[in-house]
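Shown below: coords-v8.txt, with compact mmCIF, C-alpha atoms.
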```txt
# COMPACT_ATOMS: atom_id res chain seq x y z
CA MET U 85 72.99 -5.63 47.24
CA LEU U 86 70.81 -4.55 50.13
CA LYS U 87 67.13 -4.44 49.22
CA TRP U 88 65.10 -1.91 51.16
CA PRO U 89 62.17 -3.29 53.16
CA SER U 90 58.61 -2.27 52.45
CA ILE U 91 57.20 -0.03 55.16
CA ARG U 92 53.73 -1.36 54.32
CA LYS U 93 54.54 -4.92 55.40
CA LYS U 94 55.90 -5.95 58.74
CA ARG U 95 58.32 -8.85 58.90
CA ASP U 96 57.33 -11.52 61.40
CA ASP U 97 60.80 -11.45 62.98
CA ALA U 98 61.10 -7.65 63.09
CA PRO U 99 60.90 -6.12 66.59
CA ALA U 100 57.81 -4.06 67.33
CA VAL U 101 58.47 -0.32 67.51
CA PRO U 102 56.34 2.53 68.86
CA ALA U 103 54.60 4.88 66.45
CA ALA U 104 56.53 8.01 65.48
CA SER U 105 54.05 10.11 67.48
CA ALA U 106 54.85 8.08 70.64
CA ARG U 107 58.40 9.28 70.96
CA GLY U 108 60.04 9.49 74.34
CA PRO U 109 62.83 7.97 76.44
CA ALA U 110 61.46 4.43 75.96
CA ALA U 111 61.29 4.82 72.17
CA GLU U 112 64.79 6.30 72.06
CA ALA U 113 66.13 3.42 74.17
CA LEU U 114 64.52 0.91 71.83
CA GLU U 115 66.04 2.63 68.80
CA LEU U 116 69.48 2.36 70.39
CA THR U 117 68.82 -1.34 70.98
CA LEU U 118 67.92 -1.70 67.32
CA LEU U 119 71.13 0.07 66.35
CA GLU U 120 73.14 -2.39 68.42
CA GLY U 121 71.52 -5.18 66.41
CA ILE U 122 72.35 -3.37 63.17
CA LYS U 123 75.99 -3.20 64.25
CA ARG U 124 75.90 -7.01 64.42
CA GLY U 125 74.41 -7.19 60.93
CA GLN U 126 70.90 -8.15 62.05
CA ARG U 127 68.55 -7.29 59.20
CA ALA U 128 65.33 -7.49 61.25
CA GLU U 129 66.54 -4.67 63.51
CA PHE U 130 67.39 -2.57 60.49
CA ASP U 131 63.95 -3.21 58.98
CA ALA U 132 62.34 -2.02 62.22
CA LEU U 133 64.44 1.15 62.36
CA TYR U 134 63.76 1.76 58.68
CA ARG U 135 59.99 1.74 59.30
CA VAL U 136 60.42 4.26 62.12
CA TYR U 137 62.55 6.71 60.18
CA HIS U 138 61.22 6.43 56.62
CA PRO U 139 58.10 8.61 57.20
CA ARG U 140 60.01 11.07 59.42
CA LEU U 141 62.83 11.52 56.93
CA TRP U 142 60.41 11.70 54.00
CA ARG U 143 58.55 14.58 55.61
CA PHE U 144 61.78 16.38 56.43
CA LEU U 145 63.29 15.92 52.98
CA SER U 146 60.07 16.77 51.16
CA HIS U 147 60.37 20.33 52.48
CA LEU U 148 63.94 20.61 51.26
CA MET U 149 63.72 18.99 47.83
CA ARG U 150 61.34 18.79 44.88
CA GLN U 151 61.18 15.48 43.03
CA PRO U 152 59.88 12.49 44.98
CA GLU U 153 62.45 10.25 43.28
CA ALA U 154 65.25 12.54 44.48
CA ILE U 155 63.81 12.48 48.00
CA GLU U 156 63.69 8.68 47.95
CA GLU U 157 67.27 8.50 46.71
CA VAL U 158 68.58 10.74 49.50
CA LEU U 159 66.46 8.91 52.07
CA ASN U 160 67.78 5.53 50.98
CA ASP U 161 71.36 6.84 50.87
CA THR U 162 70.88 8.07 54.44
CA LEU U 163 69.63 4.75 55.72
CA MET U 164 72.36 2.93 53.81
CA VAL U 165 74.86 4.90 55.89
CA VAL U 166 73.02 3.79 59.03
CA TRP U 167 73.27 0.17 57.86
CA GLN U 168 76.90 0.32 56.79
CA ARG U 169 78.32 2.72 59.39
CA ALA U 170 76.28 2.06 62.52
CA ASP U 171 79.56 1.75 64.46
CA SER U 172 80.33 5.41 63.73
CA PHE U 173 77.50 6.57 66.03
CA ASP U 174 79.34 7.63 69.18
CA GLY U 175 76.36 8.39 71.43
CA ARG U 176 77.26 12.04 71.99
CA SER U 177 73.90 13.05 70.51
CA LYS U 178 70.51 11.43 70.09
CA LEU U 179 70.33 8.74 67.44
CA SER U 180 67.67 10.80 65.65
CA THR U 181 70.02 13.79 65.59
CA TRP U 182 72.73 11.67 63.98
CA ILE U 183 70.37 10.25 61.34
CA PHE U 184 68.77 13.59 60.50
CA GLY U 185 72.24 15.13 60.24
CA ILE U 186 73.20 12.54 57.63
CA ALA U 187 69.99 13.23 55.71
CA TYR U 188 70.51 17.00 55.85
CA ARG U 189 74.05 16.84 54.50
CA LYS U 190 73.09 14.45 51.72
CA ALA U 191 70.10 16.64 50.78
CA LEU U 192 72.29 19.75 50.55
CA LYS U 193 74.72 17.87 48.31
CA ALA U 194 71.88 16.72 46.08
CA LEU U 195 70.45 20.25 45.89
CA SER U 196 73.81 21.75 44.97
CA ARG U 197 74.51 19.02 42.43
CA GLN U 198 71.12 18.97 40.72
CA ASP U 199 69.73 22.41 41.62
CA LEU U 200 66.53 20.94 43.02
CA PRO U 201 64.22 23.62 44.47
CA VAL U 202 61.19 22.87 46.59
CA ASP U 203 57.87 22.30 44.85
CA GLY U 204 55.17 21.83 47.44
CA ASP U 205 52.65 20.51 44.92
CA SER U 206 54.93 17.65 43.85
CA VAL U 207 54.97 15.83 47.20
CA GLU U 208 51.81 14.32 48.57
CA GLU U 209 51.19 14.39 52.30
CA PRO U 210 48.72 12.09 54.02
CA SER U 211 45.37 13.75 54.57
CA ASP U 212 43.75 13.90 57.99
CA PRO U 213 40.39 12.11 57.89
CA GLY U 214 39.27 13.66 61.20
CA PRO U 215 37.83 17.10 60.30
CA GLY U 216 34.74 17.57 58.16
CA PRO U 217 34.82 18.58 54.47
CA GLU U 218 34.85 22.33 55.09
CA GLN U 219 37.52 22.04 57.78
CA ARG U 220 39.62 19.81 55.55
CA LEU U 221 39.34 22.32 52.73
CA GLY U 222 40.49 25.10 55.04
CA LEU U 223 43.38 23.00 56.31
CA GLU U 224 44.45 22.08 52.79
CA GLN U 225 44.35 25.73 51.76
CA LEU U 226 46.45 26.65 54.80
CA ARG U 227 48.91 23.86 54.08
CA GLY U 228 49.11 24.96 50.46
CA ARG U 229 49.92 28.53 51.48
CA LEU U 230 52.49 27.31 53.97
CA ARG U 231 54.15 25.03 51.39
CA GLY U 232 54.25 27.89 48.93
CA ALA U 233 55.83 30.18 51.50
CA MET U 234 58.30 27.51 52.62
CA ALA U 235 59.40 27.09 49.00
CA GLU U 236 60.65 30.68 49.03
CA LEU U 237 63.04 30.04 51.92
CA SER U 238 66.61 28.86 51.50
CA PRO U 239 67.27 25.16 52.25
CA GLU U 240 69.07 26.15 55.45
CA HIS U 241 66.09 28.17 56.66
CA ARG U 242 63.58 25.53 55.60
CA ALA U 243 65.52 22.91 57.54
CA VAL U 244 65.44 24.74 60.88
CA VAL U 245 61.72 25.52 60.54
CA GLU U 246 60.92 21.91 59.65
CA LEU U 247 63.01 20.43 62.46
CA CYS U 248 61.64 22.85 65.04
CA TYR U 249 57.93 22.80 64.23
CA PHE U 250 57.41 19.37 62.68
CA HIS U 251 59.98 17.26 64.52
CA ASP U 252 59.93 19.01 67.91
CA MET U 253 63.68 19.50 68.09
CA ALA U 254 65.27 22.05 70.40
CA TYR U 255 67.72 24.59 68.99
CA ALA U 256 70.72 22.70 70.41
CA GLU U 257 69.63 19.49 68.69
CA ILE U 258 68.92 21.32 65.41
CA ALA U 259 72.42 22.81 65.64
CA ASP U 260 73.85 19.28 65.80
CA VAL U 261 71.78 18.21 62.79
CA VAL U 262 72.69 21.12 60.52
CA GLY U 263 76.24 21.54 61.83
CA CYS U 264 76.23 25.09 63.13
CA PRO U 265 76.19 26.86 66.53
CA PRO U 266 72.82 27.20 68.34
CA GLU U 267 73.03 30.98 67.95
CA THR U 268 73.11 30.51 64.17
CA VAL U 269 70.00 28.35 64.41
CA LYS U 270 68.26 31.13 66.37
CA THR U 271 69.28 33.66 63.72
CA ARG U 272 68.01 31.45 60.91
CA MET U 273 64.72 30.91 62.75
CA PHE U 274 64.31 34.65 63.24
CA TYR U 275 64.75 35.43 59.56
CA ALA U 276 62.72 32.40 58.47
CA ARG U 277 59.77 33.38 60.68
CA ARG U 278 59.89 36.97 59.49
CA ARG U 279 60.06 35.87 55.86
CA LEU U 280 57.20 33.39 56.29
CA ARG U 281 55.06 36.02 57.99
CA LEU U 282 55.58 38.43 55.12
CA LEU U 283 54.96 35.77 52.48
CA LEU U 284 51.81 34.46 54.14
CA ASP U 285 50.46 38.01 54.54
CA ASP U 286 51.15 38.67 50.86
CA LEU U 287 49.44 35.45 49.81
CA ALA U 288 46.41 36.22 51.97
CA GLY U 289 46.20 39.70 50.44
CA LEU U 290 46.33 38.31 46.91
CA GLU U 291 43.57 35.81 47.66
CA GLN U 292 41.34 38.50 49.14
CA GLY U 293 41.94 40.70 46.09
CA GLU U 294 40.73 37.91 43.81
CA LEU U 295 37.40 37.57 45.62
```
Target encoding structure tokens, full file:
Amino acid sequence: MLKWPSIRKKRDDAPAVPAASARGPAAEALELTLLEGIKRGQRAEFDALYRVYHPRLWRFLSHLMRQPEAIEEVLNDTLMVVWQRADSFDGRSKLSTWIFGIAYRKALKALSRQDLPVDGDSVEEPSDPGPGPEQRLGLEQLRGRLRGAMAELSPEHRAVVELCYFHDMAYAEIADVVGCPPETVKTRMFYARRRLRLLLDDLAGLEQGEL
């Protein structure tokens, strides 16, 4: 049975990979090189790709699902597909598009099977140590409002917002991930933005009324 690597410890024989924030053509080329190693059954290459995608997929899935254990299960199932079916990647899309598409479909199946809504308070996100205490408080309040508003969206609408704003994907790439035409992505974004605007305005009004 395949044991998942720890993202906190780096294997000595695992290739070095750029940080998730340093994405670009070079990073994408390296990921494809890692995938070629995975196709040959090389565990070190899989460990390296795992460390790249674990935080990205966790963030994406945390906005679609509720329980952390369910998120971890879908995430691991996704990466198991990468390990076992690396040969099925045909190169017609970015590797990230292929992997996120697997995660999206598995998340929707889990949601339909277990009826798992989003609960923003149940998933911890790393805090930013940069701003001062007052700024951090304001940011946390804003994030809390946004998580609460996101929880009111459908999984399909949450997915396009998450992929667009937090993973910098273009509409065409999002369409490949979620399996619909780009025009459908645009429509979902339109309704999601309108719904979020209304929800955030309502939340702000409620907070002001409590003062």
Discussion item. Which residues are near segment 117-130 of chain U? Cut-off 6 Å, all atoms listed in the file, ignore same chain within fewer than 3 positions. Put them as a list in words.
Written reply: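 The residues satisfying every condition are Ala98, Leu114, Leu133, Tyr134 and Ala170 of chain U.
Each of U:Arg281, U:Ser180, U:Ala243, U:Phe274 was compared to Arg140 of chain U using only C-alpha atoms, and U:Ser180 turns out to be the nearest.
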Practice prompt. List the neighbours of Cys248 of chain U out to 12 Å using all atoms listed in the file; skip same-chain residues closer than 4 positions along the sequence, and give me the result as a list in words.
Written response: Phe144, His241, Arg242, Ala243, Val244, Asp252, Met253, Ala254, Tyr255, Ala256, Glu257, Ile258, Ala259, Val261, Val269, Lys270, Arg272, Met273, Ala276 and Arg277 of chain U
Would you write out those residues with C-alpha atoms, as a short mmCIF file (atom, residue, chain, number, x, y, z; two decimals), in the coordinates of the input?
```cif
data_model
loop_
_atom_site.label_atom_id
_atom_site.label_comp_id
_atom_site.auth_asym_id
_atom_site.auth_seq_id
_atom_site.Cartn_x
_atom_site.Cartn_y
_atom_site.Cartn_z
CA PHE U 144 61.78 16.38 56.43
CA HIS U 241 66.09 28.17 56.66
CA ARG U 242 63.58 25.53 55.60
CA ALA U 243 65.52 22.91 57.54
CA VAL U 244 65.44 24.74 60.88
CA ASP U 252 59.93 19.01 67.91
CA MET U 253 63.68 19.50 68.09
CA ALA U 254 65.27 22.05 70.40
CA TYR U 255 67.72 24.59 68.99
CA ALA U 256 70.72 22.70 70.41
CA GLU U 257 69.63 19.49 68.69
CA ILE U 258 68.92 21.32 65.41
CA ALA U 259 72.42 22.81 65.64
CA VAL U 261 71.78 18.21 62.79
CA VAL U 269 70.00 28.35 64.41
CA LYS U 270 68.26 31.13 66.37
CA ARG U 272 68.01 31.45 60.91
CA MET U 273 64.72 30.91 62.75
CA ALA U 276 62.72 32.40 58.47
CA ARG U 277 59.77 33.38 60.68
#
```
Worksheet item: From the set U:Met234, U:Val136, U:Leu282, U:Val262, which residue has the shortest atom-to-atom contact distance to Thr181 of chain U, counting all atoms listed in the file?
Response: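 Among the listed residues, U:Val262 lies closest to Thr181 of chain U.
Nearest to Ala187 of chain U of all the residues U:Cys264, U:Met149, U:Val158, U:Ala113 is U:Val158, counting only C-alpha atoms.
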Any chance you could tabulate, as CSV, the residues of segment 113-161 of chain U at most 10 Å from segment 190-194 of chain U with each one's nearest atom pair and distance in Å to one decimal, using only C-alpha atoms, in chain and rising number order?
```
residue,atom,partner,partner_atom,distance
U:Leu145,CA,U:Ala191,CA,7.2
U:Leu148,CA,U:Ala191,CA,7.3
U:Met149,CA,U:Ala191,CA,7.4
U:Ala154,CA,U:Ala194,CA,8.0
U:Ile155,CA,U:Ala191,CA,8.0
U:Glu157,CA,U:Ala194,CA,9.4
U:Val158,CA,U:Ala191,CA,6.2
U:Leu159,CA,U:Ala191,CA,8.6
U:Asp161,CA,U:Lys190,CA,7.9
```
Practice prompt. Take atom CA of Ser146 of chain U and atom CA of Ala235 of chain U and report the distance between them in Å, one decimal.
Written response: 10.6 Å
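Distance annotation: of U:Trp167, U:Arg229, U:Asp174, U:Arg150, the residue with the minimal separation from Leu195 of chain U is U:Arg150; atom set is only C-alpha atoms.
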